[in-house]
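Working notes for the structure below.
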Amino acid sequence: MSTRREFLAYGGCAVCAAIGGLSSAQAKTEPVFDGCCISPAGFNGFMKEKPPMSSALNSSLFARDRHLRTTKDPYVDRELDRAMVLVADLMKVRPAFGFYEPGIFYNRKDMETWPMSAWASQFDTDIAGTKGTVCFGADLFRKEFYDHDRTGTTVITIIAHEFAHIAQFNRGYFNDLKTGNTLRRELNADYLAGYFLGTRMNQNNKLEFKRAGEYLEREGKSQDGNANRSHGNSKERLDAAERGFRLAYLQKKTFEQAWVAGLEYVGEK
């Protein structure tokens with residue numbers, strides 16, 4: 001596998017929706033996001049709006065109460081549950097996970113408007129046995145799964161990207177980075193998400209990841225030419241995911257080896 005076309009045909013990565021810059025009015029308050037990682041103020045605001053999650057990754061992955069508990073499709077729930085456990089086991093993470101409706105945060109005077117996205121946090125909920133939190137915007141899920149990719153590949157690669165941020169938190173990588181390195185954190189998460197897809201291809205070489213690669217390229221285009229981007233542009237995202245994919249699929253490296261290689265890729269080793 002040596003060309004971009006081949007990578008798009010066999011593997012790819014999708015990550016959270018690109019985050020734009022703040023308006024002058026929003027800049028007066030603390031930003032909710034640093035890349036697609038939520039700030040302490042943002043997480044506190046989220047928890048104030050919603051009761052604590054009450055489901056864990058090792059039981060039911062879907063949050064109850066006022067969270068959107070499931071995808072409302074039992075088959076999709078089961079398949080997503082299984083796929084998420086694969087990601088969690090590979091990356092050695094156990095975050096709490098749930099869906100949320102971004103619309104409840106619109107027009108909040110004390111917080112930046114929340115985009116339709118997915119996000120990760122190093123902060124914990126009250127769910128026993130979990131460390132960190134990942135939330136997936138219900139609008140983003142519906143758009144990706146029902147409008148673009150019914151195989152679920154883009155959904156699980158978005159989740160793999162967010163779980164990679166949890167690995168960054170747990171291993172001290174995120175907090176060790178200095179201000180201004182958001183882009184490197186995001187590209188590292190792309191790399192690890194690509195690695196996950198490579199491991200899946202090794203387990204079943206009939207899997208098809210074309211749409212995930214196309215999604216990444218499509219979303220990356222929104223950052224093309226943006227010097228202040230928090231996420232990679234189309235080329236950067238594809239390059240990072242391709243390198244991670246190759247490490248798993250062609251070189252058969254372990255996750256610990258991929259972790260070191262991923263840091264080296266973004267210049268942290």
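How things are named: the first chain in the structure tokens is A, the next is B, and so on; residues count from 1 in each chain; ligands count from 1 in the order shown.
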
Contacts of His231 in chain A at 9 Å (only C-alpha atoms; same-chain gap of 4+ positions) as a PDB file with N, CA and C atoms, in the first residue's frame:
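Saved to result19.pdb:
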ATOM      1  N   ALA A  18     -14.561  19.956  12.756  1.00  0.00           N
ATOM      2  CA  ALA A  18     -13.585  21.027  12.954  1.00  0.00           C
ATOM      3  C   ALA A  18     -14.179  22.136  13.801  1.00  0.00           C
ATOM      4  N   ILE A  19     -13.352  22.720  14.663  1.00  0.00           N
ATOM      5  CA  ILE A  19     -13.781  23.794  15.541  1.00  0.00           C
ATOM      6  C   ILE A  19     -13.275  25.116  14.981  1.00  0.00           C
ATOM      7  N   GLY A  35      -9.014  22.271  20.724  1.00  0.00           N
ATOM      8  CA  GLY A  35      -9.194  21.196  19.765  1.00  0.00           C
ATOM      9  C   GLY A  35     -10.557  20.582  20.015  1.00  0.00           C
ATOM     10  N   CYS A  36     -10.619  19.271  20.170  1.00  0.00           N
ATOM     11  CA  CYS A  36     -11.906  18.667  20.524  1.00  0.00           C
ATOM     12  C   CYS A  36     -11.865  18.127  21.947  1.00  0.00           C
ATOM     13  N   THR A 182      -1.944  22.299  20.241  1.00  0.00           N
ATOM     14  CA  THR A 182      -3.203  21.597  20.023  1.00  0.00           C
ATOM     15  C   THR A 182      -3.178  20.784  18.739  1.00  0.00           C
ATOM     16  N   LEU A 183      -2.619  21.354  17.678  1.00  0.00           N
ATOM     17  CA  LEU A 183      -2.577  20.665  16.398  1.00  0.00           C
ATOM     18  C   LEU A 183      -1.833  19.344  16.512  1.00  0.00           C
ATOM     19  N   ARG A 184      -0.732  19.326  17.251  1.00  0.00           N
ATOM     20  CA  ARG A 184       0.026  18.084  17.400  1.00  0.00           C
ATOM     21  C   ARG A 184      -0.760  17.041  18.185  1.00  0.00           C
ATOM     22  N   ARG A 185      -1.508  17.476  19.179  1.00  0.00           N
ATOM     23  CA  ARG A 185      -2.351  16.538  19.923  1.00  0.00           C
ATOM     24  C   ARG A 185      -3.386  15.905  19.003  1.00  0.00           C
ATOM     25  N   GLU A 186      -3.989  16.739  18.148  1.00  0.00           N
ATOM     26  CA  GLU A 186      -5.029  16.234  17.262  1.00  0.00           C
ATOM     27  C   GLU A 186      -4.453  15.285  16.204  1.00  0.00           C
ATOM     28  N   LEU A 187      -3.299  15.616  15.667  1.00  0.00           N
ATOM     29  CA  LEU A 187      -2.689  14.740  14.672  1.00  0.00           C
ATOM     30  C   LEU A 187      -2.234  13.425  15.298  1.00  0.00           C
ATOM     31  N   GLY A 220     -11.134  17.669   6.678  1.00  0.00           N
ATOM     32  CA  GLY A 220      -9.856  18.362   6.692  1.00  0.00           C
ATOM     33  C   GLY A 220      -9.823  19.550   5.757  1.00  0.00           C
ATOM     34  N   GLN A 223     -10.087  23.081   6.973  1.00  0.00           N
ATOM     35  CA  GLN A 223      -8.941  23.701   7.624  1.00  0.00           C
ATOM     36  C   GLN A 223      -7.819  24.039   6.646  1.00  0.00           C
ATOM     37  N   GLU A 236      -2.785  16.690   6.158  1.00  0.00           N
ATOM     38  CA  GLU A 236      -2.196  16.342   7.449  1.00  0.00           C
ATOM     39  C   GLU A 236      -2.950  15.196   8.114  1.00  0.00           C
ATOM     40  N   ARG A 237      -4.268  15.245   8.054  1.00  0.00           N
ATOM     41  CA  ARG A 237      -5.054  14.197   8.687  1.00  0.00           C
ATOM     42  C   ARG A 237      -4.861  12.854   7.985  1.00  0.00           C
TER      43      ARG A 237
END

Residues within 7 Å of range 188-195 of chain A, please, as a list in words. Count only C-alpha atoms; anything in the same chain fewer than 5 positions from it doesn't count.
Gly12, Cys13, Thr157, Ala160, His161, Ala164, His165, Arg237, Ala240, Ala241, Glu242, Arg243, Gly244, Phe245, Leu247, Ala248, Gly262, Leu263 and Val266 of chain A

Which parts of range 55-253 of chain A does DSSP call strand (DSSP E) when run on the backbone here, written out as a list in words?
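So the strand (DSSP E) residues in range 55-253 of chain A would be Ala96, Phe97, Gly98, Phe99, Tyr100, Ala118, Trp119, Ala120, Ser121, Thr133, Val134, Cys135, Phe136 and Gly137 of chain A.
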
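You can rank A:Phe209, A:Phe46, A:Tyr265, A:Trp119 by their closest distance to Phe136 in chain A using only C-alpha atoms, and at the top of that list sits A:Trp119.
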
Backbone DSSP call of alpha helix (DSSP H) for range 67-259 of chain A, listed as a ChimeraX atom specification
/A:74-91,138-142,153-170,173-176,182-203,210-220,234-249,255-259

Using only C-alpha atoms, which of A:Arg246, A:Thr125, A:Arg229, A:Asp77 sits nearest Ala261 in chain A?
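Distance minimum relative to Ala261 in chain A lands on A:Arg246.
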
Proximity to Phe169 in chain A - best of A:Gln122, A:Thr133, A:Asn181, A:Thr153, only C-alpha atoms
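Of all the options, A:Gln122 lies closest to Phe169 in chain A.
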
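In this comparison, which uses only C-alpha atoms, the residue of A:Thr199, A:Asp149, A:Tyr75, A:Ser230 approaching Cys37 in chain A most closely is A:Ser230.
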
Counting only C-alpha atoms, the residue among A:Glu219, A:Asp34, A:Glu264, A:Glu162 that lies closest to Glu144 in chain A is A:Glu219

Would you list the contacts of Lys92 in chain A as a VMD selection string, taking every protein, DNA or RNA residue within 10 Å and counting only C-alpha atoms, but skipping same-chain residues closer than 5 positions in sequence?
chain A and resid 85 to 87 163 to 164 166 to 167 170 255

Minimum-distance residue to Lys221 in chain A, chosen among A:Leu197, A:Leu238, A:Leu250, A:Ala138 (using only C-alpha atoms):
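Closest to Lys221 in chain A of all the choices is A:Leu238.
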
Just to confirm, what's the straight-line distance from CA of Ala227 in chain A to CA of Arg211 in chain A in Å (one decimal)?
27.0 Å

Which residues, written as an MDAnalysis selection string, have at least one atom at most 12 Å from Val155 in chain A, with only C-alpha atoms counted and residues fewer than 4 positions away on the same chain left out?
chainID A and resid 12:17 71 76 79:81 83:84 117:118 136:151 159:162 193 209 211:213 215:216
